[in-house]
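Below: one structure, written as structure tokens.
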Amino acid sequence: MLKKLPGDPVSGLVSTTPDTAVVFRPAIVQTPAIVTIVIFAARLVIGLVRSFWRHPIASAVAVTPSTIFSLYGWRLALVVVAVPIALVGPWAITYPKVVLPWIGYRLLAWWRLVWIYRRHWQPVMVVSGLGRHIKGRDYLPRLLRVTCTSWADVVTVKMLDGQAAKDWADRIEHLAHGFGAPSCRVSVERAGRLLLTFPRRDPLAEPLPAVPLPEAATVGPVEIGQTEDGKPWLLKLHGTHVLVAGATGAGKGSILWSAIRGLIPAIWTGLAEIWALDPKLMELSFGRAIFGNRYAADPADCADLLDEAVMVMQERAGRFAGVQRDHVPSVQDPFVLVVVDEIAFLTAYQSDRALRQRISAALATLTTQGRAVGVGVLAALQDPRKDVITIRNLFPDKIALRLDESEQVDMVLGDGARDRGALADHISPVPHQGAGVAYIRLESSPDPIRARAAYVSDEDIRDMAALFEEAM
Ligand SMILES: Nc1ncnc2c1ncn2[C@@H]1O[C@H](COP(=O)(O)OP(=O)(O)OP(=O)(O)O)[C@@H](O)[C@H]1O
């Protein structure tokens, strides 16, 4: 009814005299006041119904006491407020994990929706360029829902038609600053819809103690720490190869040692073996007893050990050919995990060219053919540039600890990882806050996950090694 086709009727022309500008009289559509009032009232009712529907608890908390106050006075309103608090309060303190998701986080989500996101939505969208202001009208992405977890707000957004997730990923800093969050992560919920994660606090700010030794022998994903949403960080080792990149002091050792720790019962029962290459002669030498005679520090010895691993791999491949396609760990054919601390010492920084080529060839062979026959590589390095590690892409799983430069993030985790919120270059260099904190990108999902590896102290390593020393 209020729509008008573009252009003005000829009768609207005021002047067509040569030498004077053509002037159009703007078309004014007189809308009766009652129509405007009805439209605004309908919008208000729809908004209230939607608000009650989406936030029943928050709406009840806001509306019930004020209604009772206006109808029956403050005494009854006080009773209505005090009784639920008295009932739910002790329950919430005793069972916070039950009460918080059901009541606490819902109230918080409503409050943050109203106070943070809805209030700032229009300016943040327009200024960041995600919304458009055309001819006095705003075209904004729709803010659909806010949910809260213990550490973050998750905002569901319907993008404008024609927008891509990358448009949002390119503006994570605008979004984080605009909504007062330390960072923002973007993931796709489904076509046209995004989830924006805004952390409220850092759940990984405190170091984690070493994970207890597993009770059962397993080579399955081993628990090595905790992810941001409080779940155990399970690292797959059998059936893959893992590259860990991090600047000096980023905590590479804690990932290597946590992985070894998770395999200790399997090593003990003969289902797994760790073959350790320690060219820096620092990290792995601490637990030599765990590795038996499969430990090398000198580059020539490392090359011999790698060649031996290749031979084991090829012998198995020959035996398994046509019989089985997957490796099942057994005492005869244990899972062999080749752990390399600072792989660049053996490849890029190795001055003996022949040795360097031998080592590179062995590593490339293991990473291309090893996983089906139960030989895996877990390698750590400081500098992820291509000229330092040419076989970077042969590792299916990669972990980025604190990195020095923003460009290194995509080198480790793949294109677009940093845009989606893997801010590995922003991890704190203070060991207490940032060591062991990492971003992971799994083969199955483009969205990076933030996690922290448990800290395996020298004492923990000594205890683990002592188990094997006694048996020797
Ligand atoms: N997961 C962790 N949680 C808390 N603190 C840690 C963790 N890992 C390491 N640290 C602390 O950070 C320091 C450096 O760790 P680490 O030596 O493992 O780093 P790195 O990446 O191996 O460094 P480099 O490459 O220089 O050997 C350790 O001495 C320890 O105090």
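Ligands are numbered from 1 in the order shown, chains are lettered A, B, ... in the order of the structure tokens, and residues start at 1 in each chain.
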Mind dumping a table of every chain A residue within 7 Å of ligand 1, with the nearest atom pair and its distance in Å to one decimal, using only C-alpha atoms and all ligand atoms, sorted by chain and rising number, as a tab-separated table?
```
residue	atom	partner	partner_atom_place_in_ligand_line	distance
A:Pro207	CA	ligand 1	4 (C)	4.4
A:Leu208	CA	ligand 1	3 (N)	6.0
A:Gly246	CA	ligand 1	21 (O)	5.8
A:Ala247	CA	ligand 1	21 (O)	6.0
A:Thr248	CA	ligand 1	26 (O)	3.7
A:Gly249	CA	ligand 1	19 (O)	3.5
A:Ala250	CA	ligand 1	21 (O)	4.0
A:Gly251	CA	ligand 1	19 (O)	3.6
A:Lys252	CA	ligand 1	21 (O)	3.8
A:Gly253	CA	ligand 1	18 (O)	3.6
A:Ser254	CA	ligand 1	8 (N)	4.6
A:Glu283	CA	ligand 1	27 (O)	6.9
A:Gln382	CA	ligand 1	25 (O)	6.2
A:Pro431	CA	ligand 1	12 (O)	4.5
A:His432	CA	ligand 1	5 (N)	5.2
A:Ala435	CA	ligand 1	7 (C)	4.4
A:Gly436	CA	ligand 1	1 (N)	3.6
A:Val437	CA	ligand 1	1 (N)	6.9
A:Arg452	CA	ligand 1	1 (N)	6.4
A:Ala453	CA	ligand 1	1 (N)	4.6
A:Ala454	CA	ligand 1	1 (N)	4.6
A:Tyr455	CA	ligand 1	1 (N)	3.8
```
Hey, can you spit out that residue selection with C-alpha atoms as a compact mmCIF listing (two decimals), in the first residue's frame?
```txt
# COMPACT_ATOMS: atom_id res chain seq x y z
CA PRO A 207 47.91 -24.08 33.89
CA LEU A 208 46.51 -27.59 34.06
CA GLY A 246 55.15 -23.03 18.47
CA ALA A 247 57.67 -20.30 19.23
CA THR A 248 60.31 -20.92 21.84
CA GLY A 249 58.69 -21.35 25.25
CA ALA A 250 55.22 -21.92 23.74
CA GLY A 251 54.96 -25.29 25.47
CA LYS A 252 55.75 -27.82 22.75
CA GLY A 253 57.23 -30.06 25.41
CA SER A 254 53.92 -30.25 27.26
CA GLU A 283 63.39 -32.31 25.97
CA GLN A 382 59.47 -23.60 16.01
CA PRO A 431 54.27 -19.05 30.49
CA HIS A 432 51.70 -19.19 33.29
CA ALA A 435 52.27 -21.91 27.55
CA GLY A 436 50.48 -25.00 26.25
CA VAL A 437 47.54 -22.96 24.86
CA ARG A 452 45.42 -26.06 26.60
CA ALA A 453 47.80 -28.95 27.08
CA ALA A 454 48.37 -30.15 30.62
CA TYR A 455 51.77 -29.35 32.05
```
Next item on the list: Mind checking which residues fall within 12 Å of A:Leu113, counting only C-alpha atoms, ignoring those fewer than 2 positions away in the same chain, and posting them as a list in words?
Entry: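 In the requested form, the answer reads Ser51, Arg54, His55, Ala58, Tyr105, Arg106, Leu107, Leu108, Ala109, Trp110, Trp111, Trp115, Ile116, Tyr117, Arg118, Arg119, His120, Trp121, Leu143, Leu144, Arg145, Val146, Thr147, Cys148, Asp153, Val154, Val155, Thr156 and Phe179 of chain A.
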Run DSSP on the backbone and give me the residues of stretch 405-455 of chain A it puts in strand (DSSP E), as a PDB file with C-alpha atoms, in the first residue's frame.
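Contents of states17.pdb, freshly written:
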```
ATOM      1  CA  VAL A 437      47.539 -22.960  24.861  1.00  0.00           C
ATOM      2  CA  ALA A 438      46.950 -23.990  21.265  1.00  0.00           C
ATOM      3  CA  TYR A 439      44.588 -23.881  18.334  1.00  0.00           C
ATOM      4  CA  ILE A 440      43.737 -27.149  16.651  1.00  0.00           C
ATOM      5  CA  ARG A 441      42.120 -27.676  13.297  1.00  0.00           C
ATOM      6  CA  ILE A 449      39.329 -25.239  18.452  1.00  0.00           C
ATOM      7  CA  ARG A 450      41.220 -23.602  21.332  1.00  0.00           C
ATOM      8  CA  ALA A 451      42.680 -25.880  23.976  1.00  0.00           C
ATOM      9  CA  ARG A 452      45.418 -26.063  26.597  1.00  0.00           C
ATOM     10  CA  ALA A 453      47.799 -28.952  27.083  1.00  0.00           C
TER      11      ALA A 453
END
```
Next item on the list: Can you work out the spacing between atom CA of A:Gly192 and atom CA of A:Phe52 in Å, to one decimal?
Entry: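 Going from atom CA of A:Gly192 over to atom CA of A:Phe52, I get 25.5 Å.
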Notebook entry, point to check: Looking at only C-alpha atoms, which of A:Ala372, A:Val81, A:Leu87, A:Ala42 is the one that sits closest to A:Val61?
Noted result: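 Looking at the shortest contact to A:Val61, the residue is A:Val81.
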Notebook entry, point to check: For the atom pair atom CA of A:Gly230 and atom CA of A:Asp202, what is the interatomic distance in Å to one decimal place?
Noted result: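 About the pair atom CA of A:Gly230 and atom CA of A:Asp202: they are 11.1 Å apart.
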Next item on the list: Identify, on the basis of only C-alpha atoms, every residue whose closest approach to A:Asp341 does not exceed 7 Å; exclude the query and any residue fewer than 4 positions from it along the same chain; express the result as a list in words.
Entry: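 Once the nearby chain positions are removed, what remains is Leu277, Asp278, Pro279, Ala379, Ala380 and Leu381 of chain A.
Counting only C-alpha atoms, the residue from A:Asp229, A:Asp307, A:Asp410, A:Asp404 that sits nearest to A:Arg392 is A:Asp410.
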Item checked: Proximity to A:Leu413 - best of A:Val244, A:Ile274, A:Leu366, A:Ile39, only C-alpha atoms ->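 Among the listed residues, A:Val244 lies closest to A:Leu413.
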Next item on the list: Could you tell me how far atom CA of A:Val340 lies from atom CA of A:Leu281, in Å and to one decimal?
Entry: 11.1 Å
Item checked: Members of stretch 311-442 of chain A assigned alpha helix (DSSP H) by DSSP, as a PyMOL selection string -> chain A and resi 311-320+353-369+407-413+431-434
For those residues, write N, CA and C atoms to a file as a short mmCIF file (atom, residue, chain, number, x, y, z; two decimals), in the first residue's frame.
```cif
data_model
loop_
_atom_site.label_atom_id
_atom_site.label_comp_id
_atom_site.auth_asym_id
_atom_site.auth_seq_id
_atom_site.Cartn_x
_atom_site.Cartn_y
_atom_site.Cartn_z
N MET A 311 61.98 -49.30 7.78
CA MET A 311 62.06 -50.74 7.51
C MET A 311 60.91 -51.49 8.19
N VAL A 312 60.64 -51.11 9.45
CA VAL A 312 59.51 -51.74 10.16
C VAL A 312 58.22 -51.51 9.38
N MET A 313 58.08 -50.28 8.93
CA MET A 313 56.86 -49.90 8.20
C MET A 313 56.73 -50.72 6.91
N GLN A 314 57.85 -50.84 6.18
CA GLN A 314 57.78 -51.55 4.90
C GLN A 314 57.58 -53.04 5.09
N GLU A 315 58.20 -53.55 6.15
CA GLU A 315 58.02 -55.00 6.43
C GLU A 315 56.56 -55.29 6.74
N ARG A 316 55.96 -54.39 7.56
CA ARG A 316 54.53 -54.56 7.88
C ARG A 316 53.66 -54.42 6.64
N ALA A 317 53.98 -53.42 5.83
CA ALA A 317 53.18 -53.19 4.62
C ALA A 317 53.19 -54.44 3.74
N GLY A 318 54.39 -55.08 3.65
CA GLY A 318 54.49 -56.29 2.85
C GLY A 318 53.64 -57.41 3.43
N ARG A 319 53.64 -57.51 4.76
CA ARG A 319 52.89 -58.58 5.42
C ARG A 319 51.39 -58.34 5.36
N PHE A 320 51.00 -57.07 5.52
CA PHE A 320 49.56 -56.74 5.57
C PHE A 320 48.91 -56.75 4.19
N ARG A 353 74.66 -32.32 4.02
CA ARG A 353 73.59 -32.39 3.01
C ARG A 353 73.06 -33.81 2.82
N ALA A 354 74.00 -34.77 2.77
CA ALA A 354 73.59 -36.16 2.53
C ALA A 354 72.70 -36.66 3.67
N LEU A 355 73.12 -36.30 4.89
CA LEU A 355 72.35 -36.73 6.07
C LEU A 355 70.97 -36.08 6.05
N ARG A 356 70.97 -34.79 5.68
CA ARG A 356 69.70 -34.05 5.65
C ARG A 356 68.74 -34.70 4.66
N GLN A 357 69.27 -35.08 3.50
CA GLN A 357 68.40 -35.68 2.48
C GLN A 357 67.89 -37.04 2.94
N ARG A 358 68.78 -37.79 3.61
CA ARG A 358 68.38 -39.12 4.10
C ARG A 358 67.25 -38.99 5.12
N ILE A 359 67.43 -38.04 6.05
CA ILE A 359 66.42 -37.84 7.10
C ILE A 359 65.10 -37.35 6.49
N SER A 360 65.19 -36.40 5.57
CA SER A 360 63.97 -35.86 4.96
C SER A 360 63.23 -36.96 4.20
N ALA A 361 64.00 -37.80 3.49
CA ALA A 361 63.35 -38.87 2.71
C ALA A 361 62.66 -39.85 3.66
N ALA A 362 63.34 -40.19 4.77
CA ALA A 362 62.73 -41.15 5.71
C ALA A 362 61.46 -40.56 6.33
N LEU A 363 61.53 -39.28 6.71
CA LEU A 363 60.34 -38.65 7.32
C LEU A 363 59.19 -38.58 6.32
N ALA A 364 59.52 -38.25 5.06
CA ALA A 364 58.47 -38.17 4.04
C ALA A 364 57.86 -39.55 3.82
N THR A 365 58.70 -40.59 3.83
CA THR A 365 58.17 -41.95 3.62
C THR A 365 57.25 -42.34 4.78
N LEU A 366 57.70 -42.05 5.99
CA LEU A 366 56.88 -42.42 7.16
C LEU A 366 55.54 -41.67 7.14
N THR A 367 55.58 -40.38 6.81
CA THR A 367 54.34 -39.60 6.89
C THR A 367 53.40 -39.89 5.72
N THR A 368 53.94 -40.45 4.63
CA THR A 368 53.01 -40.76 3.53
C THR A 368 52.46 -42.18 3.64
N GLN A 369 53.24 -43.10 4.22
CA GLN A 369 52.80 -44.50 4.19
C GLN A 369 52.61 -45.12 5.56
N GLU A 407 51.08 -14.43 10.00
CA GLU A 407 51.07 -15.23 8.77
C GLU A 407 51.36 -16.70 9.05
N GLN A 408 52.07 -16.96 10.16
CA GLN A 408 52.43 -18.36 10.46
C GLN A 408 51.21 -19.20 10.81
N VAL A 409 50.12 -18.53 11.26
CA VAL A 409 48.95 -19.30 11.69
C VAL A 409 48.38 -20.10 10.53
N ASP A 410 48.19 -19.45 9.38
CA ASP A 410 47.64 -20.17 8.23
C ASP A 410 48.63 -21.18 7.67
N MET A 411 49.95 -20.90 7.86
CA MET A 411 50.95 -21.88 7.41
C MET A 411 50.76 -23.19 8.16
N VAL A 412 50.42 -23.08 9.45
CA VAL A 412 50.29 -24.30 10.25
C VAL A 412 48.89 -24.90 10.08
N LEU A 413 47.87 -24.08 10.27
CA LEU A 413 46.52 -24.62 10.34
C LEU A 413 45.77 -24.62 9.01
N PRO A 431 54.48 -17.59 30.43
CA PRO A 431 54.27 -19.05 30.49
C PRO A 431 53.05 -19.46 31.30
N HIS A 432 52.82 -18.80 32.44
CA HIS A 432 51.70 -19.19 33.29
C HIS A 432 50.36 -19.06 32.55
N GLN A 433 50.25 -18.03 31.71
CA GLN A 433 48.97 -17.78 31.03
C GLN A 433 48.88 -18.47 29.66
N GLY A 434 50.02 -18.52 28.94
CA GLY A 434 49.90 -18.93 27.54
C GLY A 434 50.60 -20.22 27.16
#
```
Note to self: Using only C-alpha atoms for the distances, tell me which of A:Ile93, A:Ala297, A:Val38, A:Leu401 is nearest to A:Leu284.
What the structure shows: A:Ala297
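Shortest separation to A:Ser183 among A:Arg112, A:Arg462, A:Arg201, A:Lys166 occurs at residue A:Arg201, atoms counted being only C-alpha atoms.
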Note to self: With only C-alpha atoms as the counted atoms, please give the residues lying no more than 7 Å from A:Val375, apart from itself and same-chain residues fewer than 4 positions off, as a list in words.
What the structure shows: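 Contacts, in chain order: Met313, Phe335, Val336, Leu337, Gly370 and Arg371 of chain A.
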Please dump the current selection as a compact mmCIF listing (two decimals), in the first residue's frame; keep N, CA and C atoms.
```
# COMPACT_ATOMS: atom_id res chain seq x y z
N MET A 313 58.08 -50.28 8.93
CA MET A 313 56.86 -49.90 8.20
C MET A 313 56.73 -50.72 6.91
N PHE A 335 51.95 -50.28 18.04
CA PHE A 335 51.89 -48.96 17.43
C PHE A 335 53.22 -48.25 17.70
N VAL A 336 53.87 -47.80 16.64
CA VAL A 336 55.16 -47.12 16.78
C VAL A 336 54.94 -45.61 16.60
N LEU A 337 55.22 -44.84 17.65
CA LEU A 337 55.10 -43.39 17.53
C LEU A 337 56.50 -42.79 17.51
N GLY A 370 52.98 -44.40 6.60
CA GLY A 370 53.03 -45.05 7.91
C GLY A 370 51.71 -45.28 8.61
N ARG A 371 50.72 -44.41 8.37
CA ARG A 371 49.58 -44.45 9.28
C ARG A 371 48.74 -45.73 9.17
```
Next item on the list: Please identify all polymer residues within 7 Å of A:Val456, counting only C-alpha atoms, omitting same-chain residues fewer than 2 positions from it, and present them as a ChimeraX atom specification.
Entry: /A:209-210,254,257-258,454,458,460-461
Note to self: Nearest residue to A:Lys398 out of A:Val373, A:Ala245, A:Leu195, A:Met282, using only C-alpha atoms?
What the structure shows: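 Nearest to A:Lys398: A:Ala245.
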Next item on the list: For A:Pro448, list every protein, DNA or RNA residue within 10 Å, evaluated using only C-alpha atoms, and leave out those in the same chain fewer than 6 positions away; present the list as a ChimeraX atom specification.
Entry: /A:185-187,399-400,413,416-418,420-423,438-442
